[in-house]
Every structure is written in C-alpha cells, then in structure tokens.
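Structure data follow from protein_18.cif (mmCIF, C-alpha atoms):
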```cif
data_work
#
loop_
_atom_site.group_PDB
_atom_site.id
_atom_site.type_symbol
_atom_site.label_atom_id
_atom_site.label_comp_id
_atom_site.auth_asym_id
_atom_site.auth_seq_id
_atom_site.Cartn_x
_atom_site.Cartn_y
_atom_site.Cartn_z
ATOM 1 C CA MET A 23 160.875 -101.766 -238.775
ATOM 2 C CA SER A 24 157.952 -99.753 -237.453
ATOM 3 C CA ASP A 25 156.249 -97.582 -240.057
ATOM 4 C CA SER A 26 156.733 -94.019 -238.768
ATOM 5 C CA ARG A 27 153.584 -92.912 -240.576
ATOM 6 C CA THR A 28 151.458 -94.881 -238.080
ATOM 7 C CA LEU A 29 152.769 -92.939 -235.067
ATOM 8 C CA ASN A 30 150.391 -90.623 -233.251
ATOM 9 C CA MET A 31 152.892 -87.893 -232.437
ATOM 10 C CA ASN A 32 150.467 -86.182 -230.043
ATOM 11 C CA GLU A 33 150.631 -89.246 -227.796
ATOM 12 C CA GLN A 34 154.200 -90.357 -228.503
ATOM 13 C CA ARG A 35 156.773 -89.794 -225.769
ATOM 14 C CA PHE A 36 160.505 -89.768 -226.504
ATOM 15 C CA TYR A 37 163.172 -90.480 -223.898
ATOM 16 C CA PHE A 38 166.860 -89.686 -224.010
ATOM 17 C CA LEU A 39 168.758 -92.729 -222.692
ATOM 18 C CA LYS A 40 172.418 -92.529 -221.663
ATOM 19 C CA PHE A 41 174.831 -95.477 -221.596
ATOM 20 C CA PRO A 42 178.254 -95.587 -219.884
ATOM 21 C CA ASP A 43 179.972 -95.154 -223.264
ATOM 22 C CA ASP A 44 179.355 -95.460 -227.002
ATOM 23 C CA ASP A 45 180.691 -99.012 -227.290
ATOM 24 C CA ILE A 46 178.323 -100.258 -224.594
ATOM 25 C CA ALA A 47 175.438 -98.413 -226.257
ATOM 26 C CA ASP A 48 176.214 -100.282 -229.481
ATOM 27 C CA TYR A 49 176.592 -103.582 -227.588
ATOM 28 C CA TRP A 50 173.030 -103.402 -226.296
ATOM 29 C CA THR A 51 171.160 -101.607 -229.057
ATOM 30 C CA SER A 52 172.684 -103.461 -232.023
ATOM 31 C CA GLY A 53 171.752 -106.902 -230.681
ATOM 32 C CA ASN A 54 175.422 -107.920 -230.408
ATOM 33 C CA ASN A 55 174.981 -109.074 -226.816
ATOM 34 C CA PRO A 56 174.146 -112.372 -225.022
ATOM 35 C CA THR A 57 170.393 -111.932 -225.555
ATOM 36 C CA GLY A 58 170.813 -111.665 -229.328
ATOM 37 C CA GLU A 59 168.214 -108.866 -229.341
ATOM 38 C CA LYS A 60 168.276 -105.094 -229.544
ATOM 39 C CA CYS A 61 167.903 -103.880 -225.962
ATOM 40 C CA VAL A 62 168.013 -100.864 -223.759
ATOM 41 C CA ALA A 63 169.567 -101.259 -220.330
ATOM 42 C CA VAL A 64 170.101 -99.529 -217.001
ATOM 43 C CA TYR A 65 172.279 -100.471 -214.027
ATOM 44 C CA PHE A 66 171.755 -98.806 -210.597
ATOM 45 C CA GLY A 67 173.512 -101.384 -208.426
ATOM 46 C CA ASP A 68 172.517 -104.972 -207.676
ATOM 47 C CA ALA A 69 168.777 -104.446 -207.098
ATOM 48 C CA LYS A 70 166.529 -106.828 -209.026
ATOM 49 C CA ALA A 71 164.070 -105.640 -211.637
ATOM 50 C CA GLN A 72 161.017 -106.773 -209.669
ATOM 51 C CA GLU A 73 162.233 -104.975 -206.558
ATOM 52 C CA ILE A 74 162.690 -101.753 -208.515
ATOM 53 C CA ARG A 75 159.299 -102.219 -210.195
ATOM 54 C CA GLU A 76 157.536 -102.530 -206.831
ATOM 55 C CA LYS A 77 159.333 -99.477 -205.424
ATOM 56 C CA THR A 78 158.514 -97.482 -208.551
ATOM 57 C CA VAL A 79 154.809 -98.280 -208.284
ATOM 58 C CA ALA A 80 154.836 -97.519 -204.542
ATOM 59 C CA ASP A 81 156.892 -94.340 -205.091
ATOM 60 C CA LYS A 82 159.556 -95.623 -202.693
ATOM 61 C CA LEU A 83 162.677 -95.446 -204.825
ATOM 62 C CA GLU A 84 165.728 -93.949 -203.182
ATOM 63 C CA LEU A 85 166.363 -90.277 -203.930
ATOM 64 C CA GLY A 86 169.466 -91.042 -206.000
ATOM 65 C CA GLN A 87 167.561 -93.575 -208.098
ATOM 66 C CA ARG A 88 164.769 -91.084 -208.826
ATOM 67 C CA ARG A 89 167.177 -88.305 -209.644
ATOM 68 C CA GLY A 90 169.087 -90.661 -211.895
ATOM 69 C CA GLY A 91 165.971 -91.457 -213.911
ATOM 70 C CA LEU A 92 165.368 -95.058 -212.850
ATOM 71 C CA ASN A 93 161.643 -94.495 -212.296
ATOM 72 C CA THR A 94 161.436 -92.729 -215.669
ATOM 73 C CA PHE A 95 162.996 -95.751 -217.382
ATOM 74 C CA PHE A 96 160.585 -98.229 -215.792
ATOM 75 C CA THR A 97 157.597 -96.003 -216.497
ATOM 76 C CA ALA A 98 158.646 -95.612 -220.132
ATOM 77 C CA CYS A 99 159.124 -99.347 -220.633
ATOM 78 C CA GLU A 100 156.101 -100.678 -218.797
ATOM 79 C CA LEU A 101 153.258 -98.181 -218.335
ATOM 80 C CA ALA A 102 152.822 -97.003 -221.927
ATOM 81 C CA PRO A 103 155.254 -98.909 -224.161
ATOM 82 C CA GLY A 104 153.131 -98.314 -227.256
ATOM 83 C CA GLN A 105 153.647 -94.560 -226.904
ATOM 84 C CA THR A 106 157.323 -94.764 -225.883
ATOM 85 C CA ALA A 107 160.494 -94.394 -227.930
ATOM 86 C CA PHE A 108 164.042 -94.284 -226.600
ATOM 87 C CA VAL A 109 166.630 -92.126 -228.362
ATOM 88 C CA VAL A 110 170.142 -93.563 -228.064
ATOM 89 C CA PHE A 111 173.294 -91.849 -229.358
ATOM 90 C CA GLN A 112 176.277 -93.983 -230.330
ATOM 91 C CA ASP A 113 179.146 -92.140 -232.027
ATOM 92 C CA GLU A 114 177.706 -90.891 -235.333
ATOM 93 C CA HIS A 115 174.642 -93.133 -235.072
ATOM 94 C CA VAL A 116 171.260 -92.490 -233.437
ATOM 95 C CA ARG A 117 168.753 -95.267 -232.808
ATOM 96 C CA PHE A 118 165.061 -94.883 -232.032
ATOM 97 C CA LEU A 119 163.830 -97.923 -230.101
ATOM 98 C CA LYS A 120 160.356 -98.972 -228.938
ATOM 99 C CA PRO A 121 159.975 -101.260 -225.862
ATOM 100 C CA LYS A 122 158.476 -104.701 -226.431
ATOM 101 C CA SER A 123 158.977 -106.348 -223.007
ATOM 102 C CA GLU A 124 158.994 -105.660 -219.320
ATOM 103 C CA VAL A 125 162.275 -104.716 -217.707
ATOM 104 C CA GLN A 126 164.040 -107.893 -216.612
ATOM 105 C CA ASP A 127 167.273 -109.139 -215.098
ATOM 106 C CA LEU A 128 169.896 -110.939 -217.120
ATOM 107 C CA SER A 129 170.427 -114.605 -216.367
ATOM 108 C CA ASP A 130 173.559 -115.322 -214.320
ATOM 109 C CA ALA A 131 175.306 -116.710 -217.384
ATOM 110 C CA TRP A 132 174.514 -113.645 -219.494
ATOM 111 C CA ARG A 133 175.424 -111.267 -216.684
ATOM 112 C CA ASN A 134 178.757 -113.020 -216.212
ATOM 113 C CA GLU A 135 179.425 -112.754 -219.940
ATOM 114 C CA TYR A 136 178.656 -109.035 -219.809
ATOM 115 C CA ASN A 137 180.928 -108.458 -216.819
ATOM 116 C CA LYS A 138 183.738 -110.513 -218.336
ATOM 117 C CA ARG A 139 183.715 -108.301 -221.399
ATOM 118 C CA TRP A 140 183.141 -104.887 -219.858
ATOM 119 C CA THR A 141 183.572 -104.720 -216.083
ATOM 120 C CA ARG A 142 186.526 -107.011 -215.422
ATOM 121 C CA GLN A 143 188.520 -105.103 -217.992
ATOM 122 C CA ALA A 144 187.894 -102.014 -215.814
ATOM 123 C CA GLN A 145 185.927 -100.335 -218.585
ATOM 124 C CA VAL A 146 182.897 -99.632 -216.387
ATOM 125 C CA ASP A 147 183.975 -98.464 -212.908
ATOM 126 C CA GLY A 148 185.755 -101.779 -212.266
ATOM 127 C CA LYS A 149 182.685 -103.047 -210.367
ATOM 128 C CA GLU A 150 180.354 -105.953 -210.958
ATOM 129 C CA GLN A 151 177.343 -104.708 -212.905
ATOM 130 C CA TYR A 152 173.742 -105.904 -212.773
ATOM 131 C CA PRO A 153 172.111 -104.704 -216.013
ATOM 132 C CA LYS A 154 168.333 -104.511 -216.166
ATOM 133 C CA VAL A 155 167.233 -104.823 -219.787
ATOM 134 C CA CYS A 156 164.156 -104.211 -221.899
ATOM 135 C CA TYR A 157 163.884 -105.786 -225.361
ATOM 136 C CA THR A 158 163.053 -103.337 -228.123
ATOM 137 C CA ILE A 159 162.038 -102.903 -231.750
ATOM 138 C CA GLU A 160 164.157 -100.536 -233.807
ATOM 139 C CA MET A 161 161.974 -97.796 -235.305
ATOM 140 C CA LYS A 162 164.716 -95.823 -237.026
ATOM 141 C CA HIS A 163 168.491 -95.911 -237.294
ATOM 142 C CA LEU A 164 169.974 -92.675 -238.649
ATOM 143 C CA VAL A 165 173.330 -91.028 -239.004
ATOM 144 C CA ARG A 166 173.502 -88.221 -236.450
ATOM 145 C CA TRP A 167 173.810 -85.416 -239.008
ATOM 146 C CA GLN A 168 170.686 -86.547 -240.832
ATOM 147 C CA LEU A 169 168.807 -85.125 -237.845
ATOM 148 C CA PRO A 170 168.008 -81.446 -237.257
ATOM 149 C CA TYR A 171 171.028 -79.908 -235.528
ATOM 150 C CA VAL A 172 169.070 -79.161 -232.367
ATOM 151 C CA LEU A 173 168.234 -82.868 -232.018
ATOM 152 C CA ALA A 174 171.572 -84.180 -233.301
ATOM 153 C CA THR A 175 173.333 -82.341 -230.472
ATOM 154 C CA SER A 176 170.764 -83.039 -227.753
ATOM 155 C CA ASP A 177 173.064 -85.587 -226.082
ATOM 156 C CA ALA A 178 175.152 -82.557 -225.032
ATOM 157 C CA ASP A 179 172.120 -80.858 -223.431
ATOM 158 C CA GLN A 180 172.733 -80.854 -219.672
ATOM 159 C CA SER A 181 169.028 -80.915 -218.909
ATOM 160 C CA LEU A 182 169.066 -84.395 -220.479
ATOM 161 C CA ASN A 183 172.510 -85.915 -220.071
ATOM 162 C CA ARG A 184 172.953 -85.407 -216.339
ATOM 163 C CA VAL A 185 170.709 -88.420 -215.717
ATOM 164 C CA THR A 186 170.376 -91.899 -217.229
ATOM 165 C CA CYS A 187 166.885 -91.452 -218.640
ATOM 166 C CA ARG A 188 164.817 -88.314 -219.183
ATOM 167 C CA GLN A 189 161.820 -87.452 -221.326
ATOM 168 C CA TYR A 190 162.254 -84.897 -224.101
ATOM 169 C CA SER A 191 160.078 -81.888 -223.279
ATOM 170 C CA LYS A 192 161.568 -78.767 -224.909
ATOM 171 C CA PRO A 193 159.625 -77.477 -227.946
ATOM 172 C CA CYS A 194 162.789 -77.441 -230.071
ATOM 173 C CA HIS A 195 163.376 -81.162 -229.466
ATOM 174 C CA LEU A 196 159.728 -82.187 -229.755
ATOM 175 C CA ASN A 197 159.253 -80.336 -233.025
ATOM 176 C CA ALA A 198 162.474 -81.794 -234.437
ATOM 177 C CA LEU A 199 161.264 -85.286 -233.471
ATOM 178 C CA LYS A 200 157.968 -84.643 -235.233
ATOM 179 C CA ARG A 201 159.843 -83.773 -238.403
ATOM 180 C CA VAL A 202 162.052 -86.870 -238.131
ATOM 181 C CA PHE A 203 158.882 -88.954 -238.104
ATOM 182 C CA GLY A 204 157.317 -87.130 -241.019
ATOM 183 C CA GLN A 205 154.873 -84.775 -239.322
ATOM 184 C CA ALA A 206 154.411 -81.232 -240.649
ATOM 185 C CA LEU A 207 154.786 -78.306 -238.260
ATOM 186 C CA PRO A 208 152.202 -75.509 -238.095
ATOM 187 C CA ARG A 209 153.130 -72.025 -239.237
ATOM 188 C CA PRO A 210 154.654 -69.953 -236.417
ATOM 189 C CA ASN A 211 152.072 -67.530 -235.052
ATOM 190 C CA ASP A 212 154.476 -65.266 -233.169
ATOM 191 C CA ALA A 213 158.171 -64.680 -232.500
ATOM 192 C CA ARG A 214 158.272 -67.077 -229.583
ATOM 193 C CA SER A 215 156.758 -70.014 -231.468
ATOM 194 C CA LEU A 216 159.349 -69.524 -234.206
ATOM 195 C CA LEU A 217 162.445 -68.938 -232.086
ATOM 196 C CA GLU A 218 161.758 -71.710 -229.565
ATOM 197 C CA ASN A 219 162.784 -74.121 -232.340
ATOM 198 C CA LEU A 220 166.388 -73.022 -231.817
ATOM 199 C CA GLY A 221 168.427 -74.854 -229.210
ATOM 200 C CA PRO A 222 170.362 -72.988 -226.489
ATOM 201 C CA ILE A 223 173.619 -72.919 -228.482
ATOM 202 C CA GLU A 224 171.815 -71.724 -231.603
ATOM 203 C CA LEU A 225 169.989 -68.976 -229.710
ATOM 204 C CA GLU A 226 173.290 -67.642 -228.355
ATOM 205 C CA THR A 227 174.797 -67.879 -231.831
ATOM 206 C CA LEU A 228 171.959 -65.820 -233.305
ATOM 207 C CA VAL A 229 172.448 -63.068 -230.719
ATOM 208 C CA PHE A 230 176.187 -63.085 -231.449
ATOM 209 C CA LEU A 231 175.507 -62.754 -235.189
ATOM 210 C CA ILE A 232 173.065 -59.877 -234.652
ATOM 211 C CA PHE A 233 175.935 -57.829 -233.231
ATOM 212 C CA HIS A 234 178.734 -59.259 -235.373
ATOM 213 C CA HIS A 235 176.997 -58.547 -238.685
ATOM 214 C CA ARG A 236 176.470 -54.917 -237.644
ATOM 215 C CA GLY A 237 180.189 -54.385 -237.169
ATOM 216 C CA LEU A 238 180.223 -54.701 -233.380
ATOM 217 C CA PHE A 239 182.992 -56.731 -231.777
ATOM 218 C CA CYS A 240 182.137 -59.848 -229.730
ATOM 219 C CA PRO A 241 185.182 -61.780 -228.445
ATOM 220 C CA ALA A 242 183.253 -65.083 -228.425
ATOM 221 C CA ASN A 243 179.962 -66.459 -229.708
ATOM 222 C CA ARG A 244 178.868 -67.932 -226.401
ATOM 223 C CA GLY A 245 179.461 -67.645 -222.684
ATOM 224 C CA SER A 246 180.330 -69.933 -219.741
ATOM 225 C CA THR A 247 183.427 -67.963 -218.704
ATOM 226 C CA ILE A 248 181.767 -65.181 -216.668
ATOM 227 C CA LYS A 249 178.789 -65.919 -214.440
ATOM 228 C CA ASN A 250 175.477 -64.969 -216.119
ATOM 229 C CA VAL A 251 177.250 -63.388 -219.131
ATOM 230 C CA ASP A 252 176.866 -65.105 -222.511
ATOM 231 C CA ILE A 253 177.770 -62.365 -225.007
ATOM 232 C CA LEU A 254 180.130 -59.412 -224.534
ATOM 233 C CA VAL A 255 179.765 -56.573 -227.030
ATOM 234 C CA TYR A 256 182.180 -53.687 -227.713
ATOM 235 C CA HIS A 257 181.120 -50.797 -229.947
ATOM 236 C CA TRP A 258 184.532 -49.080 -229.863
ATOM 237 C CA ASP A 259 184.249 -45.494 -231.099
ATOM 238 C CA ARG A 260 180.954 -45.773 -233.015
ATOM 239 C CA PRO A 261 177.983 -43.838 -231.565
ATOM 240 C CA SER A 262 175.797 -46.062 -229.399
ATOM 241 C CA GLY A 263 172.669 -45.212 -231.402
ATOM 242 C CA ASP A 264 174.253 -45.999 -234.775
ATOM 243 C CA PHE A 265 172.812 -49.508 -235.032
ATOM 244 C CA PRO A 266 169.379 -49.723 -236.734
ATOM 245 C CA GLY A 267 167.190 -52.551 -235.539
ATOM 246 C CA LEU A 268 168.766 -52.807 -232.090
ATOM 247 C CA GLY A 269 166.772 -50.214 -230.128
ATOM 248 C CA PRO A 270 166.276 -49.771 -227.206
ATOM 249 C CA VAL A 271 169.773 -51.176 -226.566
ATOM 250 C CA ARG A 272 172.329 -48.585 -225.490
ATOM 251 C CA PHE A 273 175.946 -49.687 -225.444
ATOM 252 C CA ASN A 274 178.349 -48.937 -222.616
ATOM 253 C CA GLU A 275 181.615 -47.125 -223.157
ATOM 254 C CA GLN A 276 183.344 -50.367 -222.324
ATOM 255 C CA ALA A 277 181.761 -53.814 -222.701
ATOM 256 C CA THR A 278 177.978 -54.341 -222.755
ATOM 257 C CA MET A 279 176.958 -57.664 -221.192
ATOM 258 C CA PHE A 280 174.104 -59.874 -222.429
ATOM 259 C CA GLN A 281 172.633 -63.049 -221.022
ATOM 260 C CA VAL A 282 170.753 -65.307 -223.471
ATOM 261 C CA LYS A 283 168.177 -67.839 -222.260
ATOM 262 C CA HIS A 284 165.034 -69.474 -223.587
ATOM 263 C CA GLY A 285 163.309 -68.650 -220.333
ATOM 264 C CA SER A 286 164.205 -66.843 -217.114
ATOM 265 C CA ALA A 287 162.210 -65.798 -214.061
ATOM 266 C CA SER A 288 164.574 -62.974 -213.112
ATOM 267 C CA VAL A 289 167.262 -60.649 -214.459
ATOM 268 C CA PRO A 290 170.790 -61.060 -213.032
ATOM 269 C CA LYS A 291 172.134 -57.875 -211.475
ATOM 270 C CA ASN A 292 175.534 -58.043 -213.190
ATOM 271 C CA ILE A 293 174.276 -57.886 -216.796
ATOM 272 C CA ASP A 294 173.053 -55.046 -218.975
ATOM 273 C CA TYR A 295 170.404 -56.975 -220.944
ATOM 274 C CA LEU A 296 168.641 -60.329 -220.811
ATOM 275 C CA VAL A 297 167.598 -61.771 -224.187
ATOM 276 C CA THR A 298 164.838 -64.301 -223.515
ATOM 277 C CA LEU A 299 161.700 -65.764 -225.057
ATOM 278 C CA HIS A 300 160.003 -66.184 -221.649
ATOM 279 C CA GLY A 301 160.938 -63.567 -219.075
ATOM 280 C CA PRO A 302 159.759 -60.960 -216.594
ATOM 281 C CA SER A 303 158.632 -57.449 -217.484
ATOM 282 C CA ASP A 304 161.797 -55.428 -217.018
ATOM 283 C CA PRO A 305 163.596 -52.608 -218.919
ATOM 284 C CA LYS A 306 166.600 -54.906 -219.258
ATOM 285 C CA VAL A 307 164.624 -57.682 -220.968
ATOM 286 C CA LEU A 308 164.819 -58.060 -224.759
ATOM 287 C CA ASP A 309 162.088 -60.477 -225.810
ATOM 288 C CA GLY A 310 161.376 -62.570 -228.881
ATOM 289 C CA GLU A 311 159.851 -59.610 -230.707
ATOM 290 C CA TRP A 312 163.094 -57.658 -230.291
ATOM 291 C CA LEU A 313 165.115 -60.665 -231.407
ATOM 292 C CA MET A 314 163.023 -61.097 -234.564
ATOM 293 C CA ARG A 315 163.245 -57.383 -235.442
ATOM 294 C CA ALA A 316 167.010 -57.448 -234.973
ATOM 295 C CA THR A 317 167.208 -60.572 -237.163
ATOM 296 C CA THR A 318 164.894 -59.608 -240.025
ATOM 297 C CA THR A 319 166.486 -56.163 -240.458
ATOM 298 C CA ASN A 320 169.845 -57.742 -241.298
ATOM 299 C CA ASP A 321 170.114 -59.907 -244.415
ATOM 300 C CA ASP A 322 172.916 -62.132 -243.092
ATOM 301 C CA CYS A 323 171.136 -62.814 -239.803
ATOM 302 C CA PHE A 324 167.838 -63.570 -241.487
ATOM 303 C CA GLN A 325 169.480 -65.996 -243.922
ATOM 304 C CA TRP A 326 171.242 -67.738 -241.040
ATOM 305 C CA LEU A 327 167.917 -68.163 -239.219
ATOM 306 C CA LYS A 328 166.273 -69.625 -242.329
ATOM 307 C CA ASN A 329 169.168 -72.068 -242.743
ATOM 308 C CA ALA A 330 169.157 -73.037 -239.054
ATOM 309 C CA LEU A 331 165.425 -73.803 -239.219
ATOM 310 C CA SER A 332 165.306 -75.314 -242.701
ATOM 311 C CA TRP A 333 164.368 -78.627 -241.042
ATOM 312 C CA THR A 334 160.972 -77.171 -240.064
ATOM 313 C CA GLY A 335 159.831 -77.495 -243.666
ATOM 314 C CA TRP A 336 158.326 -73.984 -243.662
ATOM 315 C CA SER A 337 157.846 -72.646 -247.179
ATOM 316 C CA GLY A 338 159.349 -69.518 -248.707
ATOM 317 C CA GLU A 339 155.920 -67.949 -248.371
ATOM 318 C CA VAL A 340 156.030 -68.451 -244.594
ATOM 319 C CA TRP A 341 159.474 -66.860 -244.355
ATOM 320 C CA ASP A 342 158.430 -63.923 -246.549
ATOM 321 C CA GLU A 343 155.495 -63.318 -244.208
ATOM 322 C CA VAL A 344 157.794 -63.496 -241.184
ATOM 323 C CA ARG A 345 160.078 -60.871 -242.649
ATOM 324 C CA ARG A 346 157.225 -58.538 -243.560
ATOM 325 C CA THR A 347 155.872 -58.820 -240.026
ATOM 326 C CA TYR A 348 159.053 -57.829 -238.202
ATOM 327 C CA ARG A 349 160.895 -55.471 -240.568
#
```
Final structure tokens representation of the file:
Amino acid sequence: MSDSRTLNMNEQRFYFLKFPDDDIADYWTSGNNPTGEKCVAVYFGDAKAQEIREKTVADKLELGQRRGGLNTFFTACELAPGQTAFVVFQDEHVRFLKPKSEVQDLSDAWRNEYNKRWTRQAQVDGKEQYPKVCYTIEMKHLVRWQLPYVLATSDADQSLNRVTCRQYSKPCHLNALKRVFGQALPRPNDARSLLENLGPIELETLVFLIFHHRGLFCPANRGSTIKNVDILVYHWDRPSGDFPGLGPVRFNEQATMFQVKHGSASVPKNIDYLVTLHGPSDPKVLDGEWLMRATTTNDDCFQWLKNALSWTGWSGEVWDEVRRTYR
C-alpha cells in the first residue's frame, strides 16, 4: 500500500476509468485475472499497444479513439505514472490505483482466457476483445460511502462517464480527492470558492431547499424534464415580495423558472433566472453571493449546507464567519 501522506497533491493527477461493467472492473482491479496482478485495462478494438503508443505520441489517433479517452489512458500510464492515480468504481467499492508498468497486450493464452470468460458468453458485445493492460499498485480501497458524496457519485457525472478515461478537473472533485488523501483545504475566501465544492446535483438541491424551506412549492428538486429548466417555483397566493433573503427575485403569477449551473456563458431565453457561480452580467443572473445570502438567512438551508460540506473539515469558527459575512 502506498502511504497517502507522501503524495504531493499539487502534482497528483486523478483519472476516472470506466469498465464495461462492475464484474469486469473487479476482475481486473482485484488481481483475479490471468496476470495475477491488479490491473487497469482498455479495449478499443484489435490494435496493439505499441501501435497505439506510436499514434498517441505522433498525435495520429483516430477521432473516436481520442474522444473515447484512449490517448488520456496512455498518457496517464506512461508519461507521468508517479503523479497518476486511476479511480475505479465497482459496485459499492472504489479503488485508487497507481500505474507501475507500460501499457501492454495480453499474451494469446491470457487473451483467450479472458474472452472465454467474458466475450463468448455474450457479456461484452459478443465480440472478441483485445484488452490492453497496465499493472498497478493499489493506493486505497474504500467503500463508496466513505467518500465525500460529490466524489462517491462522480461515476454518474456525464462529463466523466461518457468516455473510457478522463482526468478529474472540477474543483469539487479535486478538493474531495485532497481530503481523501489527508490534505487540509484552505478557508473559503468568497461565495464561489465555498459553493464550488458542491456537485451539480447538490447545487440544484440547495436551490430547491432555498425555496422549499420558505414555504414555496417546487414540484421536483431537480430538472431534466423541460429544456433549460431545473427548478419550477410556485408562490400561490402569497405576495411576491414576502420572502426575505431572496431579493431581487420576483415571482410570476404562475410558475417561475430557474436554471442552476456551476458555470454558464449565456442565459437561456425561456427561463426567468439563472443561478450560477460563473456567469455573464445579466439582470436574470443570481450569482454565488445571492445563493449564500439566501442560504445563510434560513436556518434549515444553512444547516444542510454545513452537513453537505462536512467533508471539507472546516471548523465551526469558519462556518460562523461565513454566516456573519452573508446574513
């Protein structure tokens, strides 16, 4: 086991790695495979590892291979393995694995054994597979819910899981990874640096709670049913200005529509307000400062935020200062 205290987290790069299914992820990463070692693996047709390596270096990979993350995988394994860690989800387990070899092809015997078990039983597309593997050292092996929620659910993040291999880059994930490996986080110096530790689902949930705990009716706590609309709010027969902490929001007679995003370059025409931490200057934009004021002026919302970010390790003194700043 690698001692996490020796990691230089400023140089460490973490990569989400997707396998065809959880059983195959366990097959490779547990060492219960023909190599007898904990591995990470990719597929991408019958090309050989050396061929892919040469194309990666020459920047001549096919478009589909680049988009799928094949170049990212080879770069992670071979260019800076000492600063690389793969994050692999398998059911309730999460493994953190450091490369210790170049990417290589399986021998014919081992490849046939793999295909006999997985492919010929039609469990992986029903096609012959040509795994390219990299031997690894296990750094950590944790139960999923031991991780901060934002990291524990990152395998559902479409910015990551639409490809085979992608580097973690969002502040919420990077900060959660720092905490997993024992590094303290600095005090937040503004609303954005605090709220960017929430994942997309959590940010939408917070906006929902801001309205819900003030007696407004929201049919659902997140969107995806109407284009650009994440939260619908009805104020029924209460006066629109009867909601301290929510100015300058004015509610429509019918539904008021909100979009919630970490960052956005523009405001959709079909919404009333855009809640965002990084956005354009626009009367419809409600920024991180607004979000923090709306949160700290409601006890239930503020307690939820403290619970959601308890993994940051920030002291009660830090949270007291946050509340004083935005109330």
Practice item. Give as number ranges by chain the residues that the PyMOL selection byres ((chain A and resi 290) around 10) matches when applied to the coordinates above. Key: A: 249-251, 281, 286-289, 291-296, 306
Check your understanding: Nearest to A:Arg214 among A:Asn32, A:Thr158, A:Thr298, A:Thr186, with distances taken over all atoms listed in the file: which residue is it?
Key ->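 Result for the nearest residue to A:Arg214: A:Thr298.
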Point to revise | Using only C-alpha atoms: which of A:Ala242, A:Val340, A:Met31, A:Ile248 has the shortest distance to A:Lys200 | key: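 Distance minimum relative to A:Lys200 lands on A:Met31.
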Exercise for review: Work out how far atom CA of A:Asn211 is from atom CA of A:Gly338, in Å to one decimal.
Suggested key: 15.6 Å
Exercise for review: Can you turn the PyMOL selection byres ((chain A and resi 36) around 7) into a concrete residue list for this file, as a ChimeraX atom specification?
Suggested key: /A:34-35,37-38,106-109,189-190
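Across the model, the gap from atom CA of A:Lys60 to atom CA of A:Arg139 is 17.7 Å.
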Evaluate the PyMOL selection byres ((chain A and resi 314-316) around 6) here and jot the selected residues down as a PDB file with C-alpha atoms, in the frame of the given file.
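Below you can see expr-v9.pdb, which holds the result:
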```pdb
ATOM      1  CA  GLY A 267     167.190 -52.551-235.539  1.00  0.00           C
ATOM      2  CA  LEU A 268     168.766 -52.807-232.090  1.00  0.00           C
ATOM      3  CA  GLU A 311     159.851 -59.610-230.707  1.00  0.00           C
ATOM      4  CA  TRP A 312     163.094 -57.658-230.291  1.00  0.00           C
ATOM      5  CA  LEU A 313     165.115 -60.665-231.407  1.00  0.00           C
ATOM      6  CA  THR A 317     167.208 -60.572-237.163  1.00  0.00           C
ATOM      7  CA  THR A 318     164.894 -59.608-240.025  1.00  0.00           C
ATOM      8  CA  THR A 319     166.486 -56.163-240.458  1.00  0.00           C
ATOM      9  CA  TYR A 348     159.053 -57.829-238.202  1.00  0.00           C
ATOM     10  CA  ARG A 349     160.895 -55.471-240.568  1.00  0.00           C
TER      11      ARG A 349
END
```
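Restricting the calculation to all atoms listed in the file, the smallest distance between A:Arg188 and any of A:Gln105, A:Asn243, A:Asn93, A:Gln276 is found for A:Asn93.
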